[in-house]
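Structure file run15.cif with mmCIF, C-alpha atoms:
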data_run
#
loop_
_atom_site.group_PDB
_atom_site.id
_atom_site.type_symbol
_atom_site.label_atom_id
_atom_site.label_comp_id
_atom_site.auth_asym_id
_atom_site.auth_seq_id
_atom_site.Cartn_x
_atom_site.Cartn_y
_atom_site.Cartn_z
ATOM 1 C CA MET A 1 189.827 171.548 96.378
ATOM 2 C CA ASP A 2 190.651 173.399 99.580
ATOM 3 C CA LYS A 3 193.760 172.173 101.334
ATOM 4 C CA LYS A 4 191.702 171.145 104.351
ATOM 5 C CA GLN A 5 188.181 170.613 103.071
ATOM 6 C CA GLN A 6 185.538 169.916 105.696
ATOM 7 C CA VAL A 7 183.339 166.882 105.094
ATOM 8 C CA GLY A 8 180.650 165.503 107.381
ATOM 9 C CA PHE A 9 180.214 161.750 107.721
ATOM 10 C CA ILE A 10 177.160 160.229 109.400
ATOM 11 C CA GLY A 11 176.999 156.462 109.883
ATOM 12 C CA LEU A 12 180.182 154.698 110.971
ATOM 13 C CA GLY A 13 179.329 151.040 110.518
ATOM 14 C CA ALA A 14 181.484 148.466 108.749
ATOM 15 C CA MET A 15 181.584 150.487 105.520
ATOM 16 C CA GLY A 16 181.244 154.012 106.864
ATOM 17 C CA SER A 17 184.103 153.812 109.359
ATOM 18 C CA LEU A 18 186.505 152.700 106.631
ATOM 19 C CA MET A 19 185.292 155.365 104.221
ATOM 20 C CA ALA A 20 185.647 158.107 106.843
ATOM 21 C CA THR A 21 189.143 156.848 107.707
ATOM 22 C CA HIS A 22 190.081 156.892 104.025
ATOM 23 C CA LEU A 23 189.000 160.534 103.750
ATOM 24 C CA LEU A 24 191.122 161.398 106.790
ATOM 25 C CA SER A 25 194.118 159.706 105.185
ATOM 26 C CA ASN A 26 193.602 161.966 102.162
ATOM 27 C CA GLY A 27 193.883 165.112 104.267
ATOM 28 C CA ILE A 28 190.170 165.848 104.632
ATOM 29 C CA GLU A 29 188.869 167.331 107.883
ATOM 30 C CA VAL A 30 186.104 164.850 108.754
ATOM 31 C CA HIS A 31 183.231 165.707 111.108
ATOM 32 C CA VAL A 32 181.446 162.569 112.280
ATOM 33 C CA TYR A 33 178.346 161.336 114.053
ATOM 34 C CA ASP A 34 177.019 157.880 114.837
ATOM 35 C CA ILE A 35 174.432 156.789 117.350
ATOM 36 C CA GLN A 36 177.084 154.439 118.784
ATOM 37 C CA SER A 37 179.634 156.604 120.577
ATOM 38 C CA THR A 38 182.262 153.837 120.509
ATOM 39 C CA LEU A 39 182.317 154.025 116.714
ATOM 40 C CA CYS A 40 182.818 157.791 116.895
ATOM 41 C CA ASN A 41 185.680 157.319 119.357
ATOM 42 C CA GLY A 42 187.452 155.038 116.905
ATOM 43 C CA ILE A 43 187.385 157.740 114.218
ATOM 44 C CA ALA A 44 188.324 160.429 116.730
ATOM 45 C CA GLU A 45 191.516 158.513 117.501
ATOM 46 C CA LYS A 46 192.410 158.852 113.816
ATOM 47 C CA GLY A 47 191.773 162.593 113.722
ATOM 48 C CA GLY A 48 188.019 162.837 113.117
ATOM 49 C CA ILE A 49 185.973 165.503 114.905
ATOM 50 C CA VAL A 50 182.989 164.051 116.774
ATOM 51 C CA HIS A 51 179.645 165.857 117.006
ATOM 52 C CA PRO A 52 176.644 165.265 119.286
ATOM 53 C CA HIS A 53 174.075 165.042 116.503
ATOM 54 C CA PRO A 54 173.650 165.329 112.698
ATOM 55 C CA LYS A 55 172.620 168.981 112.962
ATOM 56 C CA SER A 56 176.045 169.881 114.323
ATOM 57 C CA VAL A 57 177.792 167.886 111.574
ATOM 58 C CA ALA A 58 175.836 169.838 108.947
ATOM 59 C CA GLU A 59 176.709 173.152 110.613
ATOM 60 C CA HIS A 60 180.418 172.383 110.191
ATOM 61 C CA SER A 61 180.416 170.840 106.680
ATOM 62 C CA MET A 62 179.512 171.844 103.152
ATOM 63 C CA VAL A 63 179.508 168.195 102.063
ATOM 64 C CA ILE A 64 177.690 165.696 104.274
ATOM 65 C CA ILE A 65 177.957 161.978 103.532
ATOM 66 C CA CYS A 66 175.389 159.569 104.960
ATOM 67 C CA MET A 67 176.100 155.836 105.121
ATOM 68 C CA LEU A 68 173.024 154.527 106.909
ATOM 69 C CA PRO A 69 171.260 151.143 107.076
ATOM 70 C CA ASN A 70 167.656 151.777 106.003
ATOM 71 C CA PRO A 71 165.134 154.418 104.871
ATOM 72 C CA SER A 72 163.718 155.141 108.343
ATOM 73 C CA VAL A 73 167.173 155.941 109.718
ATOM 74 C CA VAL A 74 167.932 158.181 106.726
ATOM 75 C CA ARG A 75 164.661 160.031 107.232
ATOM 76 C CA SER A 76 165.377 160.491 110.949
ATOM 77 C CA VAL A 77 168.970 161.630 110.449
ATOM 78 C CA ILE A 78 168.127 164.156 107.745
ATOM 79 C CA LEU A 79 164.627 165.326 108.667
ATOM 80 C CA GLY A 80 164.299 164.494 112.368
ATOM 81 C CA GLU A 81 165.015 166.475 115.522
ATOM 82 C CA ASN A 82 168.612 167.745 115.523
ATOM 83 C CA GLY A 83 168.849 166.372 111.996
ATOM 84 C CA VAL A 84 170.857 167.546 109.020
ATOM 85 C CA LEU A 85 168.001 169.760 107.798
ATOM 86 C CA GLU A 86 168.173 171.895 110.950
ATOM 87 C CA GLY A 87 171.865 172.660 110.511
ATOM 88 C CA VAL A 88 172.405 172.546 106.771
ATOM 89 C CA LYS A 89 173.855 175.576 105.017
ATOM 90 C CA ARG A 90 172.857 177.002 101.664
ATOM 91 C CA GLU A 91 174.568 175.215 98.729
ATOM 92 C CA SER A 92 175.607 172.311 100.956
ATOM 93 C CA VAL A 93 175.489 168.881 99.301
ATOM 94 C CA VAL A 94 174.229 165.777 101.076
ATOM 95 C CA ILE A 95 175.532 162.533 99.535
ATOM 96 C CA ASP A 96 173.502 159.506 100.576
ATOM 97 C CA MET A 97 175.661 156.433 99.959
ATOM 98 C CA GLY A 98 173.619 153.723 101.664
ATOM 99 C CA THR A 99 171.134 151.407 99.940
ATOM 100 C CA VAL A 100 167.745 152.762 100.960
ATOM 101 C CA GLY A 101 165.548 152.979 97.837
ATOM 102 C CA PRO A 102 164.581 156.055 95.786
ATOM 103 C CA SER A 103 161.494 157.302 97.660
ATOM 104 C CA VAL A 104 163.273 158.539 100.778
ATOM 105 C CA GLU A 105 165.906 160.278 98.637
ATOM 106 C CA ILE A 106 163.277 162.299 96.782
ATOM 107 C CA GLU A 107 161.478 163.160 100.038
ATOM 108 C CA CYS A 108 164.664 164.379 101.732
ATOM 109 C CA ALA A 109 165.854 166.250 98.639
ATOM 110 C CA GLU A 110 162.631 168.246 98.467
ATOM 111 C CA ARG A 111 162.974 169.323 102.099
ATOM 112 C CA LEU A 112 166.648 170.213 101.706
ATOM 113 C CA GLN A 113 165.877 172.297 98.636
ATOM 114 C CA GLU A 114 163.719 174.517 100.863
ATOM 115 C CA LYS A 115 166.952 175.484 102.651
ATOM 116 C CA GLY A 116 168.885 175.916 99.411
ATOM 117 C CA ALA A 117 170.811 172.659 99.900
ATOM 118 C CA HIS A 118 171.120 169.661 97.589
ATOM 119 C CA LEU A 119 171.033 165.876 97.779
ATOM 120 C CA ILE A 120 172.405 163.233 95.466
ATOM 121 C CA ASP A 121 172.065 159.484 95.868
ATOM 122 C CA ALA A 122 175.306 157.573 95.457
ATOM 123 C CA PRO A 123 175.018 153.994 96.741
ATOM 124 C CA VAL A 124 178.136 151.892 96.382
ATOM 125 C CA GLY A 125 179.145 148.572 94.916
ATOM 126 C CA LYS A 126 181.775 145.987 95.912
ATOM 127 C CA GLY A 127 182.152 145.752 99.676
ATOM 128 C CA VAL A 128 184.087 146.337 102.879
ATOM 129 C CA TRP A 129 187.435 145.535 101.277
ATOM 130 C CA ALA A 130 186.956 148.373 98.771
ATOM 131 C CA ALA A 131 185.654 150.887 101.315
ATOM 132 C CA GLY A 132 188.994 151.267 103.014
ATOM 133 C CA SER A 133 191.055 151.553 99.860
ATOM 134 C CA GLY A 134 188.959 153.965 97.807
ATOM 135 C CA GLU A 135 188.064 151.319 95.238
ATOM 136 C CA LEU A 136 184.275 151.402 95.502
ATOM 137 C CA THR A 137 181.981 151.628 92.495
ATOM 138 C CA ILE A 138 179.695 154.625 93.030
ATOM 139 C CA LEU A 139 176.264 154.719 91.399
ATOM 140 C CA ALA A 140 175.342 158.385 91.277
ATOM 141 C CA GLY A 141 171.878 159.829 90.728
ATOM 142 C CA GLY A 142 170.871 163.488 90.677
ATOM 143 C CA ASP A 143 171.728 166.792 89.058
ATOM 144 C CA LYS A 144 174.924 166.403 86.994
ATOM 145 C CA GLU A 145 176.277 169.799 88.069
ATOM 146 C CA ILE A 146 175.802 168.977 91.747
ATOM 147 C CA ILE A 147 177.492 165.608 91.289
ATOM 148 C CA ALA A 148 180.382 167.324 89.502
ATOM 149 C CA SER A 149 180.757 169.765 92.412
ATOM 150 C CA VAL A 150 181.587 166.883 94.801
ATOM 151 C CA GLU A 151 183.462 164.729 92.307
ATOM 152 C CA ASP A 152 186.764 165.244 94.139
ATOM 153 C CA ILE A 153 185.317 163.578 97.240
ATOM 154 C CA LEU A 154 183.636 160.807 95.253
ATOM 155 C CA ASN A 155 186.909 160.081 93.465
ATOM 156 C CA MET A 156 188.630 159.608 96.812
ATOM 157 C CA LEU A 157 186.090 156.989 97.822
ATOM 158 C CA GLY A 158 185.588 155.188 94.526
ATOM 159 C CA GLU A 159 187.639 154.127 91.520
ATOM 160 C CA LYS A 160 184.597 154.196 89.252
ATOM 161 C CA ILE A 161 181.664 156.630 89.226
ATOM 162 C CA ILE A 162 178.678 155.705 87.077
ATOM 163 C CA TYR A 163 176.085 158.388 86.377
ATOM 164 C CA CYS A 164 172.738 156.591 86.540
ATOM 165 C CA GLY A 165 170.260 159.392 85.844
ATOM 166 C CA PRO A 166 168.002 161.723 87.865
ATOM 167 C CA LEU A 167 167.755 161.654 91.647
ATOM 168 C CA GLY A 168 166.903 158.149 92.849
ATOM 169 C CA SER A 169 168.384 156.439 89.800
ATOM 170 C CA GLY A 170 171.485 155.373 91.685
ATOM 171 C CA GLN A 171 169.245 153.582 94.170
ATOM 172 C CA VAL A 172 167.316 151.810 91.411
ATOM 173 C CA VAL A 173 170.526 150.624 89.748
ATOM 174 C CA LYS A 174 171.915 149.449 93.104
ATOM 175 C CA LEU A 175 168.695 147.581 93.906
ATOM 176 C CA SER A 176 168.805 146.013 90.438
ATOM 177 C CA ASN A 177 172.316 144.781 91.195
ATOM 178 C CA ASN A 178 171.240 143.433 94.568
ATOM 179 C CA LEU A 179 168.148 141.798 93.091
ATOM 180 C CA ALA A 180 170.410 139.757 90.803
ATOM 181 C CA SER A 181 172.944 138.889 93.519
ATOM 182 C CA CYS A 182 170.396 138.128 96.251
ATOM 183 C CA VAL A 183 168.336 135.923 93.950
ATOM 184 C CA ASN A 184 171.494 134.147 92.812
ATOM 185 C CA MET A 185 172.406 133.369 96.442
ATOM 186 C CA ALA A 186 168.897 132.009 97.012
ATOM 187 C CA ALA A 187 169.149 129.844 93.878
ATOM 188 C CA LEU A 188 172.496 128.439 94.994
ATOM 189 C CA SER A 189 170.971 127.697 98.395
ATOM 190 C CA GLU A 190 168.342 125.538 96.696
ATOM 191 C CA LEU A 191 171.065 123.959 94.574
ATOM 192 C CA TYR A 192 173.041 123.206 97.750
ATOM 193 C CA VAL A 193 170.056 121.477 99.351
ATOM 194 C CA LEU A 194 169.402 119.440 96.191
ATOM 195 C CA ALA A 195 173.048 118.365 95.967
ATOM 196 C CA GLN A 196 173.348 117.500 99.653
ATOM 197 C CA LYS A 197 170.165 115.419 99.698
ATOM 198 C CA ASN A 198 171.477 113.471 96.702
ATOM 199 C CA GLY A 199 174.972 112.971 98.085
ATOM 200 C CA ILE A 200 176.707 115.233 95.549
ATOM 201 C CA ASP A 201 179.877 116.977 96.738
ATOM 202 C CA ILE A 202 179.941 120.757 96.360
ATOM 203 C CA ASP A 203 183.362 120.536 94.683
ATOM 204 C CA VAL A 204 181.709 118.580 91.864
ATOM 205 C CA ILE A 205 178.998 121.221 91.550
ATOM 206 C CA GLN A 206 181.594 123.981 91.342
ATOM 207 C CA GLU A 207 183.577 122.159 88.690
ATOM 208 C CA ALA A 208 180.473 121.422 86.636
ATOM 209 C CA LEU A 209 179.085 124.978 86.734
ATOM 210 C CA ASN A 210 182.414 126.752 86.283
ATOM 211 C CA GLY A 211 182.499 128.556 82.942
ATOM 212 C CA THR A 212 178.884 127.779 82.069
ATOM 213 C CA ALA A 213 175.903 130.121 81.959
ATOM 214 C CA ALA A 214 175.284 129.125 85.618
ATOM 215 C CA ASP A 215 178.682 130.432 86.745
ATOM 216 C CA SER A 216 178.658 133.309 89.252
ATOM 217 C CA TRP A 217 180.563 135.147 91.966
ATOM 218 C CA HIS A 218 178.575 133.274 94.620
ATOM 219 C CA LEU A 219 179.595 129.923 93.132
ATOM 220 C CA HIS A 220 183.268 130.725 93.746
ATOM 221 C CA ASN A 221 183.001 132.787 96.930
ATOM 222 C CA SER A 222 179.876 131.825 98.871
ATOM 223 C CA LEU A 223 179.576 128.073 98.328
ATOM 224 C CA PRO A 224 183.120 127.405 99.633
ATOM 225 C CA ARG A 225 182.122 129.212 102.834
ATOM 226 C CA VAL A 226 179.136 126.890 103.177
ATOM 227 C CA LYS A 227 181.310 123.804 102.768
ATOM 228 C CA GLN A 228 183.784 125.132 105.351
ATOM 229 C CA ASP A 229 180.953 126.204 107.697
ATOM 230 C CA GLU A 230 182.615 129.629 107.886
ATOM 231 C CA PHE A 231 180.159 132.509 108.003
ATOM 232 C CA SER A 232 182.050 135.499 109.397
ATOM 233 C CA PRO A 233 180.227 138.446 107.826
ATOM 234 C CA GLY A 234 181.378 139.911 104.554
ATOM 235 C CA PHE A 235 177.868 141.034 103.664
ATOM 236 C CA LYS A 236 175.437 140.340 106.486
ATOM 237 C CA THR A 237 172.299 138.304 105.859
ATOM 238 C CA LYS A 238 170.139 141.028 107.435
ATOM 239 C CA LEU A 239 171.457 143.614 104.961
ATOM 240 C CA ALA A 240 170.794 141.367 101.966
ATOM 241 C CA HIS A 241 167.319 140.725 103.425
ATOM 242 C CA LYS A 242 166.728 144.470 103.752
ATOM 243 C CA ASP A 243 167.828 145.109 100.169
ATOM 244 C CA LEU A 244 165.582 142.401 98.751
ATOM 245 C CA GLU A 245 162.673 143.779 100.792
ATOM 246 C CA LEU A 246 163.366 147.174 99.216
ATOM 247 C CA VAL A 247 163.285 145.565 95.766
ATOM 248 C CA VAL A 248 159.934 143.901 96.450
ATOM 249 C CA GLY A 249 158.598 147.122 97.987
ATOM 250 C CA LEU A 250 159.655 149.169 94.969
ATOM 251 C CA GLY A 251 157.864 146.700 92.733
ATOM 252 C CA GLU A 252 154.715 147.100 94.803
ATOM 253 C CA GLU A 253 154.976 150.918 94.601
ATOM 254 C CA LEU A 254 155.170 150.685 90.808
ATOM 255 C CA GLY A 255 152.500 147.991 90.496
ATOM 256 C CA ILE A 256 155.065 145.510 89.114
ATOM 257 C CA ASP A 257 154.902 141.835 90.026
ATOM 258 C CA LEU A 258 158.369 140.530 90.956
ATOM 259 C CA PRO A 259 157.725 136.823 91.652
ATOM 260 C CA VAL A 260 161.383 135.725 91.530
ATOM 261 C CA SER A 261 162.403 138.357 94.082
ATOM 262 C CA SER A 262 159.390 137.632 96.279
ATOM 263 C CA ASN A 263 160.088 133.903 96.314
ATOM 264 C CA ALA A 264 163.800 134.440 96.967
ATOM 265 C CA LEU A 265 162.871 136.646 99.906
ATOM 266 C CA SER A 266 161.341 133.608 101.618
ATOM 267 C CA TRP A 267 164.830 132.062 101.910
ATOM 268 C CA TYR A 268 166.117 135.243 103.535
ATOM 269 C CA ASN A 269 163.151 135.243 105.918
ATOM 270 C CA ASN A 270 164.042 131.662 106.775
ATOM 271 C CA ALA A 271 167.679 132.579 107.528
ATOM 272 C CA ILE A 272 166.558 135.480 109.729
ATOM 273 C CA ASP A 273 164.166 133.135 111.565
ATOM 274 C CA LYS A 274 167.102 130.772 112.167
ATOM 275 C CA GLY A 275 168.993 133.602 113.876
ATOM 276 C CA TYR A 276 171.567 134.066 111.120
ATOM 277 C CA GLU A 277 170.946 137.773 110.520
ATOM 278 C CA ASP A 278 174.488 138.806 111.494
ATOM 279 C CA LEU A 279 176.215 136.004 109.588
ATOM 280 C CA ASP A 280 177.449 136.252 106.016
ATOM 281 C CA TRP A 281 174.676 135.881 103.438
ATOM 282 C CA SER A 282 176.143 132.528 102.429
ATOM 283 C CA ALA A 283 174.471 131.255 105.624
ATOM 284 C CA LEU A 284 171.310 131.260 103.512
ATOM 285 C CA ALA A 285 172.340 127.798 102.243
ATOM 286 C CA LYS A 286 172.933 126.505 105.768
ATOM 287 C CA ALA A 287 169.490 127.714 106.843
ATOM 288 C CA ALA A 288 167.870 126.214 103.717
ATOM 289 C CA LEU A 289 169.316 122.758 104.423
ATOM 290 C CA GLU A 290 168.299 122.948 108.072
ATOM 291 C CA LYS A 291 164.744 123.802 107.041
ATOM 292 C CA VAL A 292 164.536 120.787 104.736
ATOM 293 C CA GLU A 293 166.087 118.462 107.305
ATOM 294 C CA SER A 294 163.750 119.648 110.059
ATOM 295 C CA LYS A 295 160.784 118.786 107.837
ATOM 296 C CA SER A 296 162.150 115.316 107.091
ATOM 297 C CA VAL A 297 162.563 114.635 110.832
ATOM 298 C CA LYS A 298 158.914 115.419 111.398
#
Serialized structure, structure tokens:
Amino acid sequence: MDKKQQVGFIGLGAMGSLMATHLLSNGIEVHVYDIQSTLCNGIAEKGGIVHPHPKSVAEHSMVIICMLPNPSVVRSVILGENGVLEGVKRESVVIDMGTVGPSVEIECAERLQEKGAHLIDAPVGKGVWAAGSGELTILAGGDKEIIASVEDILNMLGEKIIYCGPLGSGQVVKLSNNLASCVNMAALSELYVLAQKNGIDIDVIQEALNGTAADSWHLHNSLPRVKQDEFSPGFKTKLAHKDLELVVGLGEELGIDLPVSSNALSWYNNAIDKGYEDLDWSALAKAALEKVESKSVK
């Protein structure tokens, strides 16, 4: 690796800002863009070089990382006016690390290939705490040789890289993970309502389920938040909602019925309707109880 390798980073939200900062701390020259200038300023104070648009980032970087919230933003950033495609150099590698589904990755990759550039999908697992310490799990999809060419950067950001298959496979594996976790949070929300309406303390539920087939991360991390009425965002409800929508949408594209995911999505819709989109996804249980109680009042 060059002593001062140049890497572009587009998307400086909760995860992206920490990942970009971690690259800077590893001696990488980081060129950044975000639609929110205040986020760019924060990285600039740490040594990042701010650019006016994604095109300029691509002109100054052979590796461009995108950490963006949804498929439409990815499409705009890569293919839109002043986008990455307009500034990308031959043999550059775009690494899309957000959770956006496989279709947009394939679309963008085809357009980038016309310029002799490459794209791999590499969505991440764990969360904000791992983004700043380089301990993410990276789910990589795409050409193995291209992935190997940026492995030094991926290894800075993640402690584990899992090769998932051809382009888009990383997205499918990530959505599979989020299907399981989002549905589990919805199931625990129903459990919470059932327990509360029967006067059962959540501590009893936790003790009873601990170590059984019903045990889960959410049981030990999300339900305590509900009991404490503490919903500062770890993983925002609106992001879980987006991911589950992507799961249901992928099923529709493939002609696969996903009734569990579709039904779980209704609880996320309910939490969004309650105005809890920026709260932690454990607020799903709070919204579920409120929905039941509002019906009983009527």
Fill in: Minimum-distance residue to Leu244 in chain A, chosen among A:Val77, A:Ala195, A:Val84, A:Val100 (using only C-alpha atoms)
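Nearest to Leu244 in chain A: A:Val100.
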Fill in: Which of A:Ile147, A:Ile49, A:Ala285, A:Val93 sits closest to Ile202 in chain A [using all atoms listed in the file]
A:Ala285
Response to the item:
Restricting to all atoms listed in the file, whichever of A:Ile162, A:Ile64, A:Val74, A:Cys108 is closest to Val150 in chain A is A:Ile64
Worksheet item: How many Å separate CA of Lys55 in chain A from CA of Phe9 in chain A?
Response: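 It comes out at 11.7 Å.
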Practice prompt. Determine the residue set returned by the PyMOL selection byres ((chain A and resi 186) around 12) for the present structure, and present it as a PyMOL selection string.
Written response: chain A and resi 178-185+187-193+218-219+222-223+237+240-241+244+260-271+281-289
Worksheet item: In terms of the shortest atom-to-atom distance over all atoms listed in the file, which of A:Lys46, A:Lys174, A:Arg225, A:Arg111 is closest to Thr99 in chain A?
Response: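 Among the listed residues, the smallest separation from Thr99 in chain A belongs to A:Lys174.
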Worksheet, complete the sentence: Using all atoms listed in the file, the shortest atom-to-atom distance to Asn82 in chain A among A:Gln228, A:Gln196, A:Ser216, A:Ser56 belongs to A:Ser56
Worksheet item: What is the distance, in Å and to one decimal place, between CA of Ile120 in chain A and CA of Gly142 in chain A?
Response: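 Going from CA of Ile120 in chain A over to CA of Gly142 in chain A covers 5.0 Å.
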Fill in: Between CA of Val124 in chain A and CA of Asp243 in chain A - distance in Å to one decimal
12.9 Å
Fill in: Which residue of A:Leu250, A:Asp152, A:Leu119, A:Val292 approaches Leu194 in chain A most closely, using all atoms listed in the file
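Checking each of A:Leu250, A:Asp152, A:Leu119, A:Val292 against Leu194 in chain A, counting all atoms listed in the file, the winner is A:Val292.
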Fill in: Ref. answer, residues at most 8 Å from (182.8, 165.2, 110.5) with only C-alpha atoms, as a ChimeraX atom specification
/A:6-10,29-33,48-51,57,60-61
Discussion item. List the spatial neighbours of Gly141 in chain A as a list in words - criterion: any atom at most 8 Å away, all atoms listed in the file, same-chain residues fewer than 3 positions off excluded.
Written reply: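 Everything that qualifies: Ile120, Asp121, Ala122, Tyr163, Cys164, Gly165, Pro166, Leu167, Gly168, Ser169, Gly170 and Gln171 of chain A.
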At most 12 Å is the cut-off: for each residue in range 61-139 of chain A with any atom that close to an atom of range 251-256 of chain A, write down the nearest atom pair and the distance in Å rounded to one decimal, counting only C-alpha atoms, chain first then increasing number, as a Markdown table.
| residue | atom | partner | partner_atom | distance |
| --- | --- | --- | --- | --- |
| A:Gly101 | CA | A:Gly251 | CA | 11.2 |
| A:Pro102 | CA | A:Glu253 | CA | 11.0 |
| A:Ser103 | CA | A:Glu253 | CA | 9.6 |
Can I get range 28-40 of chain A with N, CA and C atoms filled in, as a PDB file, keeping the file's coordinate frame?
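File written: out.pdb
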ATOM      1  N   ILE A  28     191.466 165.190 104.437  1.00  0.00           N
ATOM      2  CA  ILE A  28     190.170 165.848 104.632  1.00  0.00           C
ATOM      3  C   ILE A  28     189.889 166.000 106.122  1.00  0.00           C
ATOM      4  N   GLU A  29     189.338 167.125 106.507  1.00  0.00           N
ATOM      5  CA  GLU A  29     188.869 167.331 107.883  1.00  0.00           C
ATOM      6  C   GLU A  29     187.472 166.712 107.981  1.00  0.00           C
ATOM      7  N   VAL A  30     187.341 165.629 108.733  1.00  0.00           N
ATOM      8  CA  VAL A  30     186.104 164.850 108.754  1.00  0.00           C
ATOM      9  C   VAL A  30     185.358 165.057 110.073  1.00  0.00           C
ATOM     10  N   HIS A  31     184.113 165.492 109.957  1.00  0.00           N
ATOM     11  CA  HIS A  31     183.231 165.707 111.108  1.00  0.00           C
ATOM     12  C   HIS A  31     182.233 164.551 111.149  1.00  0.00           C
ATOM     13  N   VAL A  32     182.181 163.826 112.265  1.00  0.00           N
ATOM     14  CA  VAL A  32     181.446 162.569 112.280  1.00  0.00           C
ATOM     15  C   VAL A  32     180.358 162.518 113.348  1.00  0.00           C
ATOM     16  N   TYR A  33     179.373 161.684 113.059  1.00  0.00           N
ATOM     17  CA  TYR A  33     178.346 161.336 114.053  1.00  0.00           C
ATOM     18  C   TYR A  33     177.877 159.906 113.784  1.00  0.00           C
ATOM     19  N   ASP A  34     177.687 159.178 114.873  1.00  0.00           N
ATOM     20  CA  ASP A  34     177.019 157.880 114.837  1.00  0.00           C
ATOM     21  C   ASP A  34     176.306 157.706 116.159  1.00  0.00           C
ATOM     22  N   ILE A  35     175.192 157.008 116.128  1.00  0.00           N
ATOM     23  CA  ILE A  35     174.432 156.789 117.350  1.00  0.00           C
ATOM     24  C   ILE A  35     175.227 155.989 118.380  1.00  0.00           C
ATOM     25  N   GLN A  36     176.206 155.200 117.896  1.00  0.00           N
ATOM     26  CA  GLN A  36     177.084 154.439 118.784  1.00  0.00           C
ATOM     27  C   GLN A  36     178.362 155.236 119.032  1.00  0.00           C
ATOM     28  N   SER A  37     178.500 155.739 120.253  1.00  0.00           N
ATOM     29  CA  SER A  37     179.634 156.604 120.577  1.00  0.00           C
ATOM     30  C   SER A  37     180.971 155.888 120.430  1.00  0.00           C
ATOM     31  N   THR A  38     180.994 154.576 120.642  1.00  0.00           N
ATOM     32  CA  THR A  38     182.262 153.837 120.509  1.00  0.00           C
ATOM     33  C   THR A  38     182.799 153.907 119.081  1.00  0.00           C
ATOM     34  N   LEU A  39     181.887 153.909 118.109  1.00  0.00           N
ATOM     35  CA  LEU A  39     182.317 154.025 116.714  1.00  0.00           C
ATOM     36  C   LEU A  39     182.896 155.410 116.438  1.00  0.00           C
ATOM     37  N   CYS A  40     182.295 156.427 117.036  1.00  0.00           N
ATOM     38  CA  CYS A  40     182.818 157.791 116.895  1.00  0.00           C
ATOM     39  C   CYS A  40     184.204 157.897 117.517  1.00  0.00           C
TER      40      CYS A  40
END
